[in-house]
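Peer 1: Sharing final.csv below, CSV, C-alpha atoms:
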chain,number,residue,atom,x,y,z
A,1,MET,CA,-33.9,1.9,39.5
A,2,GLY,CA,-36.7,-0.5,40.1
A,3,MET,CA,-35.9,-3.8,38.6
A,4,ASP,CA,-37.0,-6.9,40.4
A,5,ARG,CA,-35.5,-10.4,40.1
A,6,ARG,CA,-38.0,-11.6,37.6
A,7,GLU,CA,-37.5,-8.6,35.3
A,8,PHE,CA,-33.7,-9.0,35.5
A,9,LEU,CA,-33.9,-12.7,34.6
A,10,ARG,CA,-36.2,-12.0,31.7
A,11,LEU,CA,-33.9,-9.4,30.2
A,12,ALA,CA,-30.8,-11.5,30.8
A,13,GLY,CA,-32.5,-14.5,29.0
A,14,LEU,CA,-33.5,-12.3,26.0
A,15,THR,CA,-30.0,-10.9,25.7
A,16,CYS,CA,-28.5,-14.4,25.6
A,17,ILE,CA,-30.9,-15.5,22.9
A,18,GLY,CA,-30.1,-12.4,20.9
A,19,ILE,CA,-26.4,-13.0,21.1
A,20,GLY,CA,-26.9,-16.6,20.2
A,21,VAL,CA,-28.9,-15.9,17.1
A,22,GLY,CA,-26.5,-13.1,16.0
A,23,GLY,CA,-23.5,-15.3,16.5
A,24,ALA,CA,-25.0,-18.2,14.5
A,25,GLN,CA,-25.1,-15.9,11.5
A,26,LEU,CA,-21.3,-16.0,11.4
A,27,PHE,CA,-21.4,-19.7,10.6
A,28,VAL,CA,-24.1,-19.6,8.0
A,29,ARG,CA,-22.7,-20.2,4.5
A,30,THR,CA,-24.1,-17.9,1.9
A,31,LYS,CA,-24.5,-20.4,-0.9
A,32,ILE,CA,-25.3,-19.1,-4.2
A,33,ALA,CA,-28.6,-20.4,-5.4
A,34,SER,CA,-28.7,-23.1,-8.1
A,35,SER,CA,-24.9,-23.5,-8.5
A,36,GLU,CA,-23.7,-27.1,-8.9
A,37,TYR,CA,-20.6,-29.3,-9.0
A,38,ALA,CA,-20.3,-32.0,-11.6
A,39,PRO,CA,-17.7,-34.4,-12.8
A,40,PRO,CA,-16.2,-33.3,-16.1
A,41,GLU,CA,-18.1,-34.9,-19.1
A,42,GLU,CA,-14.9,-35.9,-21.0
A,43,ARG,CA,-13.4,-37.9,-18.0
A,44,LEU,CA,-12.3,-41.5,-18.1
A,45,THR,CA,-14.0,-43.7,-15.5
A,46,ALA,CA,-13.4,-47.1,-13.9
A,47,LYS,CA,-14.3,-49.1,-10.9
A,48,ARG,CA,-10.7,-49.7,-10.1
A,49,TRP,CA,-7.9,-48.3,-12.1
A,50,ALA,CA,-4.9,-50.6,-12.6
A,51,MET,CA,-1.6,-50.6,-14.5
A,52,ILE,CA,0.4,-53.2,-16.2
A,53,ILE,CA,4.2,-52.7,-16.7
A,54,ASP,CA,5.5,-55.1,-19.3
A,55,LEU,CA,9.2,-55.1,-18.4
A,56,ARG,CA,10.1,-57.2,-21.4
A,57,LYS,CA,9.3,-54.2,-23.6
A,58,PHE,CA,11.7,-51.9,-21.7
A,59,LYS,CA,14.9,-52.6,-23.7
A,60,THR,CA,17.2,-49.6,-23.3
A,61,GLU,CA,18.0,-47.1,-20.6
A,62,GLU,CA,16.3,-44.6,-22.9
A,63,ASP,CA,13.0,-46.4,-22.5
A,64,TYR,CA,12.9,-45.9,-18.8
A,65,LYS,CA,14.2,-42.3,-19.0
A,66,ARG,CA,11.6,-41.2,-21.5
A,67,VAL,CA,8.8,-42.3,-19.2
A,68,ILE,CA,10.2,-41.0,-15.9
A,69,GLU,CA,11.2,-37.6,-17.4
A,70,ALA,CA,7.8,-37.1,-19.0
A,71,CYS,CA,6.1,-37.7,-15.6
A,72,HIS,CA,8.4,-35.6,-13.6
A,73,LYS,CA,8.3,-32.7,-16.1
A,74,ILE,CA,4.5,-32.3,-16.3
A,75,HIS,CA,4.0,-32.7,-12.5
A,76,ASN,CA,6.8,-30.3,-11.5
A,77,VAL,CA,8.7,-32.9,-9.6
A,78,PRO,CA,11.9,-31.3,-8.5
A,79,ASN,CA,15.3,-32.8,-9.3
A,80,ILE,CA,17.1,-32.6,-5.9
A,81,PRO,CA,20.6,-34.2,-6.2
A,82,ASP,CA,21.0,-35.1,-2.5
A,83,PRO,CA,19.4,-38.6,-2.3
A,84,ALA,CA,18.3,-37.9,1.3
A,85,ASP,CA,16.0,-35.1,0.1
A,86,GLU,CA,15.1,-36.4,-3.4
A,87,ILE,CA,11.5,-36.5,-4.6
A,88,LYS,CA,10.3,-39.2,-7.0
A,89,TRP,CA,7.0,-40.3,-8.4
A,90,ILE,CA,8.2,-43.0,-10.8
A,91,TRP,CA,11.8,-44.4,-10.8
A,92,THR,CA,13.8,-47.5,-11.3
A,93,GLU,CA,14.8,-50.0,-8.6
A,94,ASP,CA,16.9,-53.1,-9.0
A,95,PHE,CA,15.0,-56.5,-9.2
A,96,GLU,CA,16.2,-57.7,-5.8
A,97,HIS,CA,14.7,-54.8,-4.0
A,98,SER,CA,11.6,-54.6,-6.1
A,99,PHE,CA,10.7,-58.2,-5.6
A,100,PRO,CA,12.6,-59.5,-2.5
A,101,GLU,CA,10.4,-62.6,-2.2
A,102,GLN,CA,11.2,-63.6,-5.8
A,103,MET,CA,15.0,-64.0,-5.2
A,104,ASN,CA,16.4,-67.4,-5.9
A,105,PRO,CA,20.0,-68.1,-6.9
A,106,PHE,CA,19.1,-69.2,-10.5
A,107,ILE,CA,17.0,-66.4,-12.0
A,108,PRO,CA,18.3,-65.5,-15.4
A,109,GLU,CA,20.8,-62.6,-15.4
A,110,SER,CA,18.6,-60.8,-18.0
A,111,VAL,CA,15.9,-60.6,-15.3
A,112,GLU,CA,18.0,-60.1,-12.2
A,113,GLU,CA,20.0,-57.3,-13.6
A,114,LYS,CA,17.2,-55.5,-15.3
A,115,PRO,CA,16.0,-52.3,-13.7
A,116,VAL,CA,12.3,-52.4,-12.6
A,117,LEU,CA,10.1,-49.3,-13.1
A,118,VAL,CA,8.3,-48.6,-9.8
A,119,LEU,CA,5.7,-46.2,-8.7
A,120,CYS,CA,2.8,-45.9,-6.2
A,121,ASN,CA,0.9,-49.2,-6.4
A,122,HIS,CA,-2.5,-47.6,-5.6
A,123,CYS,CA,-3.1,-50.5,-3.3
A,124,GLY,CA,-6.6,-52.0,-2.8
A,125,LYS,CA,-5.9,-52.0,0.9
A,126,ALA,CA,-3.6,-49.0,1.2
A,127,PRO,CA,-1.7,-48.8,4.5
A,128,CYS,CA,-0.9,-45.1,3.9
A,129,VAL,CA,-4.6,-44.3,3.9
A,130,ARG,CA,-5.2,-46.2,7.1
A,131,VAL,CA,-2.5,-44.3,9.0
A,132,CYS,CA,-3.1,-40.8,7.8
A,133,PRO,CA,-4.3,-38.8,10.8
A,134,THR,CA,-5.9,-36.0,8.7
A,135,LYS,CA,-7.3,-38.0,5.8
A,136,ALA,CA,-5.0,-36.0,3.6
A,137,THR,CA,-4.4,-39.2,1.8
A,138,PHE,CA,-7.6,-41.0,0.8
A,139,LYS,CA,-9.1,-43.6,-1.4
A,140,ARG,CA,-11.1,-42.4,-4.4
A,141,PRO,CA,-14.1,-44.6,-5.5
A,142,ASP,CA,-12.1,-45.4,-8.6
A,143,GLY,CA,-9.3,-47.1,-6.6
A,144,ILE,CA,-6.8,-44.3,-6.8
A,145,THR,CA,-4.9,-43.4,-3.7
A,146,ALA,CA,-5.0,-39.7,-3.8
A,147,GLN,CA,-3.1,-37.1,-1.8
A,148,ASP,CA,-4.6,-33.8,-0.7
A,149,TYR,CA,-1.6,-31.5,0.0
A,150,HIS,CA,-3.8,-28.9,1.6
A,151,ARG,CA,-4.5,-31.2,4.4
A,152,CYS,CA,-1.1,-32.8,4.8
A,153,ILE,CA,0.6,-31.9,8.0
A,154,GLY,CA,3.9,-33.6,7.1
A,155,CYS,CA,3.8,-36.2,9.9
A,156,ARG,CA,5.2,-38.9,7.5
A,157,PHE,CA,3.2,-41.8,9.0
A,158,CYS,CA,2.2,-42.7,5.4
A,159,MET,CA,5.9,-43.0,4.5
A,160,ALA,CA,6.5,-45.3,7.4
A,161,ALA,CA,3.5,-47.3,6.4
A,162,CYS,CA,4.2,-47.7,2.7
A,163,PRO,CA,6.1,-50.9,2.0
A,164,TYR,CA,7.2,-49.7,-1.4
A,165,GLY,CA,8.9,-46.4,-0.6
A,166,ALA,CA,6.5,-44.7,-3.0
A,167,ARG,CA,6.3,-41.5,-1.0
A,168,SER,CA,8.6,-38.6,-0.8
A,169,PHE,CA,8.8,-35.8,1.8
A,170,ASN,CA,9.6,-32.2,0.9
A,171,TRP,CA,12.4,-31.4,3.2
A,172,ARG,CA,13.0,-28.1,1.4
A,173,ASP,CA,11.2,-25.7,-0.9
A,174,PRO,CA,11.0,-27.7,-4.2
A,175,ARG,CA,10.7,-24.6,-6.5
A,176,PRO,CA,14.4,-23.9,-7.0
A,177,TYR,CA,15.0,-27.5,-8.1
A,178,ILE,CA,12.4,-27.5,-10.9
A,179,LYS,CA,14.2,-26.9,-14.2
A,180,GLU,CA,11.3,-26.5,-16.5
A,181,GLU,CA,8.1,-25.4,-14.9
A,182,ASN,CA,4.7,-26.6,-16.1
A,183,LEU,CA,2.6,-23.6,-15.4
A,184,GLU,CA,-0.6,-25.5,-15.7
A,185,TYR,CA,0.1,-27.8,-12.7
A,186,PRO,CA,1.0,-26.7,-9.2
A,187,THR,CA,4.1,-27.5,-7.3
A,188,ARG,CA,4.2,-28.7,-3.7
A,189,CYS,CA,5.6,-26.8,-0.8
A,190,ILE,CA,8.0,-27.6,2.0
A,191,GLY,CA,6.6,-30.0,4.6
A,192,VAL,CA,4.2,-32.1,2.6
A,193,VAL,CA,4.4,-35.7,1.3
A,194,GLU,CA,3.9,-36.4,-2.3
A,195,LYS,CA,3.7,-39.3,-4.7
A,196,CYS,CA,2.3,-40.5,-8.0
A,197,THR,CA,-1.4,-39.7,-8.5
A,198,PHE,CA,-2.2,-42.0,-11.5
A,199,CYS,CA,-2.5,-38.7,-13.3
A,200,VAL,CA,-6.0,-37.8,-11.9
A,201,GLU,CA,-5.8,-34.4,-13.7
A,202,ARG,CA,-5.3,-36.2,-17.0
A,203,LEU,CA,-8.1,-38.8,-16.4
A,204,ALA,CA,-10.4,-35.8,-15.7
A,205,VAL,CA,-9.8,-34.6,-19.3
A,206,GLY,CA,-10.1,-38.0,-20.9
A,207,LYS,CA,-6.4,-38.9,-21.1
A,208,LYS,CA,-4.5,-41.9,-19.8
A,209,PRO,CA,-1.5,-41.3,-17.5
A,210,ILE,CA,1.5,-39.7,-19.1
A,211,CYS,CA,3.8,-42.7,-18.4
A,212,VAL,CA,1.4,-45.0,-20.2
A,213,GLU,CA,1.2,-42.6,-23.1
A,214,LYS,CA,5.0,-42.3,-23.4
A,215,SER,CA,5.8,-46.0,-22.9
A,216,ASN,CA,5.2,-47.0,-26.6
A,217,GLY,CA,2.8,-49.8,-25.5
A,218,ALA,CA,5.0,-51.2,-22.7
A,219,MET,CA,2.5,-50.0,-20.1
A,220,LEU,CA,-1.2,-50.5,-20.1
A,221,PHE,CA,-3.9,-48.8,-18.1
A,222,GLY,CA,-7.5,-49.8,-17.5
A,223,ASP,CA,-10.3,-51.0,-15.3
A,224,LEU,CA,-9.4,-54.1,-13.2
A,225,GLU,CA,-13.1,-54.8,-12.5
A,226,ASP,CA,-14.1,-54.8,-16.1
A,227,PRO,CA,-13.5,-58.3,-17.6
A,228,SER,CA,-13.4,-57.0,-21.1
A,229,SER,CA,-10.9,-54.2,-20.4
A,230,GLU,CA,-7.5,-54.1,-22.0
A,231,VAL,CA,-5.7,-54.8,-18.7
A,232,ARG,CA,-7.9,-57.8,-17.8
A,233,MET,CA,-7.4,-59.3,-21.3
A,234,TYR,CA,-3.6,-58.9,-21.0
A,235,LEU,CA,-3.6,-60.3,-17.5
A,236,ALA,CA,-5.6,-63.3,-18.6
A,237,GLU,CA,-3.0,-64.1,-21.3
A,238,HIS,CA,0.3,-63.3,-19.5
A,239,PHE,CA,1.6,-64.4,-16.2
A,240,SER,CA,2.0,-61.4,-13.9
A,241,ILE,CA,3.4,-60.6,-10.5
A,242,ARG,CA,2.9,-57.8,-8.1
A,243,ARG,CA,5.3,-56.3,-5.5
A,244,LYS,CA,5.3,-57.8,-2.1
A,245,PRO,CA,1.9,-59.5,-2.4
A,246,GLU,CA,2.4,-61.3,0.9
A,247,LEU,CA,1.7,-58.1,2.7
A,248,GLY,CA,-1.9,-58.1,1.6
A,249,THR,CA,-1.9,-54.6,0.3
A,250,GLN,CA,-3.4,-55.7,-3.0
A,251,PRO,CA,-1.3,-53.5,-5.4
A,252,SER,CA,-3.0,-52.3,-8.6
A,253,VAL,CA,0.3,-52.3,-10.5
A,254,PHE,CA,1.1,-55.6,-12.3
A,255,TYR,CA,4.4,-56.6,-13.8
A,256,ILE,CA,5.1,-59.0,-16.7
A,257,ILE,CA,8.6,-60.2,-16.3
A,258,GLY,CA,10.9,-62.5,-18.3
A,259,GLY,CA,9.9,-65.3,-20.7
A,260,GLU,CA,9.4,-64.8,-24.4
A,261,GLU,CA,6.0,-64.3,-25.8
A,262,HIS,CA,6.3,-67.5,-27.9
A,263,ALA,CA,7.8,-69.6,-25.1
B,1,MET,CA,-1.9,9.5,46.7
B,2,TYR,CA,1.3,7.7,47.2
B,3,ASP,CA,3.7,8.0,44.2
B,4,GLY,CA,1.1,10.0,42.3
B,5,GLY,CA,3.6,11.6,39.9
B,6,LYS,CA,5.0,8.2,38.8
B,7,ILE,CA,1.5,6.7,38.4
B,8,ILE,CA,0.3,9.7,36.3
B,9,ALA,CA,3.5,9.6,34.2
B,10,GLY,CA,3.0,5.9,33.6
B,11,ILE,CA,-0.6,6.4,32.5
B,12,VAL,CA,0.4,9.1,30.1
B,13,ILE,CA,3.2,6.9,28.6
B,14,PHE,CA,0.7,4.0,28.3
B,15,LEU,CA,-1.8,6.2,26.5
B,16,ILE,CA,0.8,7.5,24.1
B,17,PHE,CA,1.5,4.0,23.0
B,18,ALA,CA,-2.0,2.6,23.2
B,19,LEU,CA,-3.5,5.5,21.2
B,20,PHE,CA,-0.8,5.6,18.6
B,21,PRO,CA,-2.9,4.0,15.8
B,22,ILE,CA,-5.6,6.6,16.4
B,23,TYR,CA,-3.8,9.9,16.5
B,24,SER,CA,-1.3,8.9,13.9
B,25,ASN,CA,-4.1,8.4,11.4
B,26,ILE,CA,-6.2,11.5,12.3
B,27,GLY,CA,-6.9,13.7,9.4
B,28,LYS,CA,-5.7,11.3,6.7
B,29,ALA,CA,-8.1,10.2,4.1
B,30,TYR,CA,-9.0,6.5,4.1
B,31,GLN,CA,-7.5,4.8,1.1
B,32,PRO,CA,-9.6,1.8,0.1
B,33,PRO,CA,-7.9,-0.9,-1.9
B,34,LYS,CA,-8.5,-0.7,-5.6
B,35,PRO,CA,-8.1,-4.1,-7.2
B,36,LYS,CA,-7.5,-3.8,-11.0
B,37,LEU,CA,-9.5,-5.6,-13.6
B,38,ASP,CA,-7.6,-4.4,-16.7
B,39,THR,CA,-6.0,-7.6,-17.8
B,40,PRO,CA,-5.8,-8.6,-21.5
B,41,GLU,CA,-8.2,-11.5,-20.9
B,42,ILE,CA,-10.8,-9.4,-19.2
B,43,GLN,CA,-10.5,-6.7,-21.8
B,44,LYS,CA,-11.2,-9.2,-24.5
B,45,MET,CA,-14.6,-10.1,-23.0
B,46,VAL,CA,-17.6,-8.5,-24.5
B,47,VAL,CA,-19.7,-9.0,-21.4
B,48,LYS,CA,-17.4,-8.6,-18.4
B,49,LYS,CA,-18.4,-11.3,-15.9
B,50,CYS,CA,-16.8,-13.5,-13.3
B,51,VAL,CA,-18.0,-17.0,-12.5
B,52,GLU,CA,-20.5,-15.5,-10.1
B,53,PRO,CA,-21.8,-11.9,-9.7
B,54,LYS,CA,-19.3,-9.4,-8.3
B,55,GLU,CA,-21.6,-8.8,-5.3
B,56,TYR,CA,-21.1,-12.5,-4.3
B,57,MET,CA,-17.5,-12.8,-5.3
B,58,ILE,CA,-16.2,-9.9,-3.2
B,59,PRO,CA,-17.3,-11.2,0.2
B,60,GLU,CA,-17.5,-14.9,-0.6
B,61,HIS,CA,-14.7,-15.8,-3.0
B,62,MET,CA,-12.5,-17.4,-0.3
B,63,LYS,CA,-15.4,-19.8,0.5
B,64,LEU,CA,-16.1,-20.5,-3.1
B,65,ILE,CA,-12.4,-21.3,-3.7
B,66,VAL,CA,-12.3,-23.7,-0.8
B,67,ASP,CA,-15.5,-25.4,-2.0
B,68,TRP,CA,-13.9,-25.7,-5.5
B,69,ARG,CA,-10.8,-27.2,-4.0
B,70,ASP,CA,-12.7,-29.9,-2.1
B,71,ALA,CA,-15.1,-30.7,-4.9
B,72,ALA,CA,-12.3,-31.1,-7.5
B,73,LEU,CA,-9.8,-32.9,-5.3
B,74,ARG,CA,-11.9,-35.0,-3.0
B,75,GLU,CA,-15.0,-35.7,-5.1
B,76,ALA,CA,-13.4,-35.5,-8.6
B,77,LYS,CA,-16.1,-33.0,-9.5
B,78,ARG,CA,-14.0,-30.6,-11.6
B,79,THR,CA,-16.9,-28.8,-13.4
B,80,TYR,CA,-18.7,-25.9,-11.7
B,81,ILE,CA,-22.1,-25.0,-13.0
B,82,ASN,CA,-22.8,-21.4,-11.9
B,83,SER,CA,-26.0,-19.7,-11.0
B,84,ARG,CA,-26.4,-18.7,-14.7
B,85,GLY,CA,-26.0,-22.3,-15.8
B,86,GLU,CA,-22.6,-21.8,-17.4
B,87,ARG,CA,-19.9,-24.5,-17.0
B,88,TYR,CA,-16.4,-23.7,-15.7
B,89,THR,CA,-13.4,-26.0,-15.2
B,90,ILE,CA,-12.5,-25.8,-11.5
B,91,SER,CA,-8.9,-24.6,-11.4
B,92,LEU,CA,-7.3,-21.8,-9.5
B,93,GLN,CA,-4.2,-21.7,-11.8
B,94,ASN,CA,-6.0,-22.3,-15.1
B,95,THR,CA,-9.4,-20.7,-14.6
B,96,CYS,CA,-9.3,-17.9,-12.0
B,97,MET,CA,-5.8,-16.8,-12.9
B,98,LYS,CA,-6.4,-16.9,-16.6
B,99,CYS,CA,-8.5,-13.8,-16.4
B,100,HIS,CA,-7.1,-12.4,-13.2
B,101,SER,CA,-3.5,-12.6,-14.4
B,102,ASN,CA,-2.5,-9.6,-12.4
B,103,LYS,CA,-2.1,-11.2,-9.0
B,104,LYS,CA,-0.1,-8.2,-7.6
B,105,LYS,CA,-2.8,-5.6,-8.5
B,106,PHE,CA,-5.8,-7.9,-8.0
B,107,CYS,CA,-5.3,-10.4,-5.2
B,108,ASP,CA,-2.5,-8.7,-3.3
B,109,GLU,CA,-4.2,-5.3,-3.4
B,110,CYS,CA,-6.9,-6.3,-0.9
B,111,HIS,CA,-5.1,-9.1,0.9
B,112,LYS,CA,-2.3,-6.7,1.9
B,113,HIS,CA,-4.8,-4.1,3.0
B,114,ALA,CA,-6.7,-6.6,5.1
B,115,GLY,CA,-3.5,-8.2,6.4
B,116,VAL,CA,-4.4,-11.7,5.3
B,117,LYS,CA,-1.8,-14.1,3.9
B,118,PRO,CA,-3.4,-16.9,1.9
B,119,TYR,CA,-0.9,-19.7,1.3
B,120,CYS,CA,-2.3,-20.5,-2.2
B,121,TRP,CA,0.9,-19.4,-3.9
B,122,ASP,CA,3.2,-21.7,-2.0
B,123,CYS,CA,2.2,-24.3,-4.5
B,124,HIS,CA,0.0,-22.8,-7.2
B,125,PHE,CA,1.9,-21.0,-9.9
B,126,VAL,CA,1.5,-17.4,-10.8
B,127,LYS,CA,2.8,-16.5,-14.2
B,128,GLU,CA,5.5,-13.8,-14.0
B,129,GLU,CA,4.2,-10.3,-14.2
B,130,GLU,CA,6.2,-7.6,-15.8
Turn this file's structure into structure tokens for me.
Peer 2:
Amino acid sequence: MGMDRREFLRLAGLTCIGIGVGGAQLFVRTKIASSEYAPPEERLTAKRWAMIIDLRKFKTEEDYKRVIEACHKIHNVPNIPDPADEIKWIWTEDFEHSFPEQMNPFIPESVEEKPVLVLCNHCGKAPCVRVCPTKATFKRPDGITAQDYHRCIGCRFCMAACPYGARSFNWRDPRPYIKEENLEYPTRCIGVVEKCTFCVERLAVGKKPICVEKSNGAMLFGDLEDPSSEVRMYLAEHFSIRRKPELGTQPSVFYIIGGEEHA
Amino acid sequence: MYDGGKIIAGIVIFLIFALFPIYSNIGKAYQPPKPKLDTPEIQKMVVKKCVEPKEYMIPEHMKLIVDWRDAALREAKRTYINSRGERYTISLQNTCMKCHSNKKKFCDECHKHAGVKPYCWDCHFVKEEE
């Protein structure tokens, strides 16, 4: 049993190095050689996606319903009757609550009593993104405010921050409330916040959002930073308003309201 | 030894419980999980191959799936170009599960054996199996 101090320290040191090197192996990712990730070739791209909702072209209740139902159906949005628990991506709101700063006693009845189609505004300066503690909600380079349900911890800070009520919390398992399931799109689970995504899954395959497609031309979608885009041309010709612009959130959804085209 | 009988009885009872997993399994043959690959989609394939070689997929599929998730969702890179240079659309529901349509006999077979409970299926749909 002859081990002197020096020998003991030497062995102890070597043992530590051995354990360290062995342990580090646990954290090494075996990445397969030469595999790559790429954006899909057929995708639609923009610097900043924006939407125009021309409310003049929404004439009947059916016009709203067609758009809302199409969205909720393909995205497996549950239909929960209790308004305290309801989930909505796109819905109607009365004029007064959509545009509180626009209220004056003499707006035409045709405008004041008309439902307004509302959804996530995909704000240029999104307050929900600023408050999210896990970066579950984040800004994509194309201006879309996206939500990563895998990271959402259900704290609902984003719901408190959003001035438009665009976000819904899953208080219960949504699956039993989905009438017709779209098996090509996931659902959400209890405890996460969800909202409109500007149809990122459709943009990736070269299609515009489903609401735009189903609106019969009452909604437009395009690149706000491209002066020759459809949305920019339309905005240059028509007077538009945005929801609660005084808050400085820079919404990407524009509304054309009232007035006749030949006025 | 004070209270020797009680101490020895205590140790014996402890060993009976502690060693239960060992003696209850002695003599039984180990049953490895056998995930099945006999789905209609896989049988249709002339060359049966997954997005990456089997030797990689078995130990690393969970990491690949997480990388897929982050690439698709956070970087909008929804195309995976594998080590053979083939392109795949990144989607658990529409790409992985298209071939592996037998979740119970494929995914669950090993996951149950290993005692892991991935929460993929809380949100991602599995088509009904008969």
Peer 1: Restrict the calculation to all atoms listed in the file, then for each residue of chain B with any atom at most 9 Å from an atom of chain A give the closest atom pair and their distance in Å to one decimal, rows by chain and rising residue number, as JSON lines.
Peer 2:
{"residue": "B:Glu52", "atom": "CA", "partner": "A:Ile32", "partner_atom": "CA", "distance": 8.4}
{"residue": "B:Tyr56", "atom": "CA", "partner": "A:Ile32", "partner_atom": "CA", "distance": 7.8}
{"residue": "B:Glu60", "atom": "CA", "partner": "A:Thr30", "partner_atom": "CA", "distance": 7.7}
{"residue": "B:Lys63", "atom": "CA", "partner": "A:Arg29", "partner_atom": "CA", "distance": 8.3}
{"residue": "B:Leu64", "atom": "CA", "partner": "A:Lys31", "partner_atom": "CA", "distance": 8.7}
{"residue": "B:Trp68", "atom": "CA", "partner": "A:Tyr37", "partner_atom": "CA", "distance": 8.4}
{"residue": "B:Ala71", "atom": "CA", "partner": "A:Tyr37", "partner_atom": "CA", "distance": 7.0}
{"residue": "B:Ala72", "atom": "CA", "partner": "A:Pro39", "partner_atom": "CA", "distance": 8.3}
{"residue": "B:Leu73", "atom": "CA", "partner": "A:Asp148", "partner_atom": "CA", "distance": 7.0}
{"residue": "B:Arg74", "atom": "CA", "partner": "A:Arg140", "partner_atom": "CA", "distance": 7.6}
{"residue": "B:Glu75", "atom": "CA", "partner": "A:Arg140", "partner_atom": "CA", "distance": 7.8}
{"residue": "B:Ala76", "atom": "CA", "partner": "A:Pro39", "partner_atom": "CA", "distance": 6.1}
{"residue": "B:Lys77", "atom": "CA", "partner": "A:Pro39", "partner_atom": "CA", "distance": 3.9}
{"residue": "B:Arg78", "atom": "CA", "partner": "A:Pro39", "partner_atom": "CA", "distance": 5.4}
{"residue": "B:Thr79", "atom": "CA", "partner": "A:Ala38", "partner_atom": "CA", "distance": 5.0}
{"residue": "B:Tyr80", "atom": "CA", "partner": "A:Tyr37", "partner_atom": "CA", "distance": 4.7}
{"residue": "B:Ile81", "atom": "CA", "partner": "A:Glu36", "partner_atom": "CA", "distance": 4.9}
{"residue": "B:Asn82", "atom": "CA", "partner": "A:Ser35", "partner_atom": "CA", "distance": 4.5}
{"residue": "B:Ser83", "atom": "CA", "partner": "A:Ser35", "partner_atom": "CA", "distance": 4.7}
{"residue": "B:Arg84", "atom": "CA", "partner": "A:Ser35", "partner_atom": "CA", "distance": 8.0}
{"residue": "B:Gly85", "atom": "CA", "partner": "A:Ser35", "partner_atom": "CA", "distance": 7.5}
{"residue": "B:Thr89", "atom": "CA", "partner": "A:Pro40", "partner_atom": "CA", "distance": 7.9}
{"residue": "B:Gln93", "atom": "CA", "partner": "A:Glu184", "partner_atom": "CA", "distance": 6.5}
{"residue": "B:Asn94", "atom": "CA", "partner": "A:Glu184", "partner_atom": "CA", "distance": 6.3}
{"residue": "B:Asp122", "atom": "CA", "partner": "A:Cys189", "partner_atom": "CA", "distance": 5.8}
{"residue": "B:Cys123", "atom": "CA", "partner": "A:Thr187", "partner_atom": "CA", "distance": 4.7}
{"residue": "B:His124", "atom": "CA", "partner": "A:Pro186", "partner_atom": "CA", "distance": 4.5}
{"residue": "B:Phe125", "atom": "CA", "partner": "A:Pro186", "partner_atom": "CA", "distance": 5.8}
{"residue": "B:Val126", "atom": "CA", "partner": "A:Leu183", "partner_atom": "CA", "distance": 7.8}
{"residue": "B:Lys127", "atom": "CA", "partner": "A:Leu183", "partner_atom": "CA", "distance": 7.2}
Peer 1: Tell me, as a VMD selection string, which residues lie within 10 Å of Asn102 (chain B), counting only C-alpha atoms; anything in the same chain fewer than 4 positions away does not count.
Peer 2: chain B and resid 35 to 40 97 to 98 106 to 108 126 to 130
Peer 1: CA of Pro100 (chain A) and CA of Arg243 (chain A) are how many Å apart?
Peer 2: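 CA of Pro100 (chain A) sits 8.5 Å away from CA of Arg243 (chain A).
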Peer 1: Give as a list in words every residue, naming chains and numbers as the document does, that has an atom within 8 Å of (13.1, -48.3, -18.7), counting only C-alpha atoms.
Peer 2: Leu55, Phe58, Lys59, Thr60, Glu61, Glu62, Asp63, Tyr64, Lys65, Arg66, Val67, Thr92, Pro115, Val116 and Leu117 of chain A
Peer 1: So the first atom is CA of Ile90 (chain B) and the second is CA of Glu109 (chain B); what is the distance between them in Å, to one decimal place?
Peer 2: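 Computed distance, CA of Ile90 (chain B) to CA of Glu109 (chain B), equals 23.6 Å.
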Peer 1: One decimal, Å: what's the distance from CA of Pro251 (chain A) over to CA of Asn170 (chain A), could you say?
Peer 2: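 Going from CA of Pro251 (chain A) over to CA of Asn170 (chain A) covers 24.7 Å.
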Peer 1: When you count only C-alpha atoms, which of these residues is closest to Ser98 (chain A): A:Val212, A:Ala166, A:Ile80, A:Val192?
Peer 2: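 Nearest candidate to Ser98 (chain A) out of A:Val212, A:Ala166, A:Ile80, A:Val192: A:Ala166.
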Peer 1: Could you list, as a list in words, every residue within 9 Å of Ile87 (chain A), counting all atoms listed in the file and ignoring same-chain residues fewer than 5 positions away?
Peer 2: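 Here the answer would be Val77, Pro78, Asn79, Ile80, Arg167, Ser168, Phe169, Asn170, Pro174, Glu194 and Lys195 of chain A.
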Peer 1: Between A:Ile107, A:Ala24, A:Met219, A:Cys123, which has the minimum distance to Ile53 (chain A) (counting all atoms listed in the file)?
Peer 2: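 Under the stated criterion, the closest residue is A:Met219.
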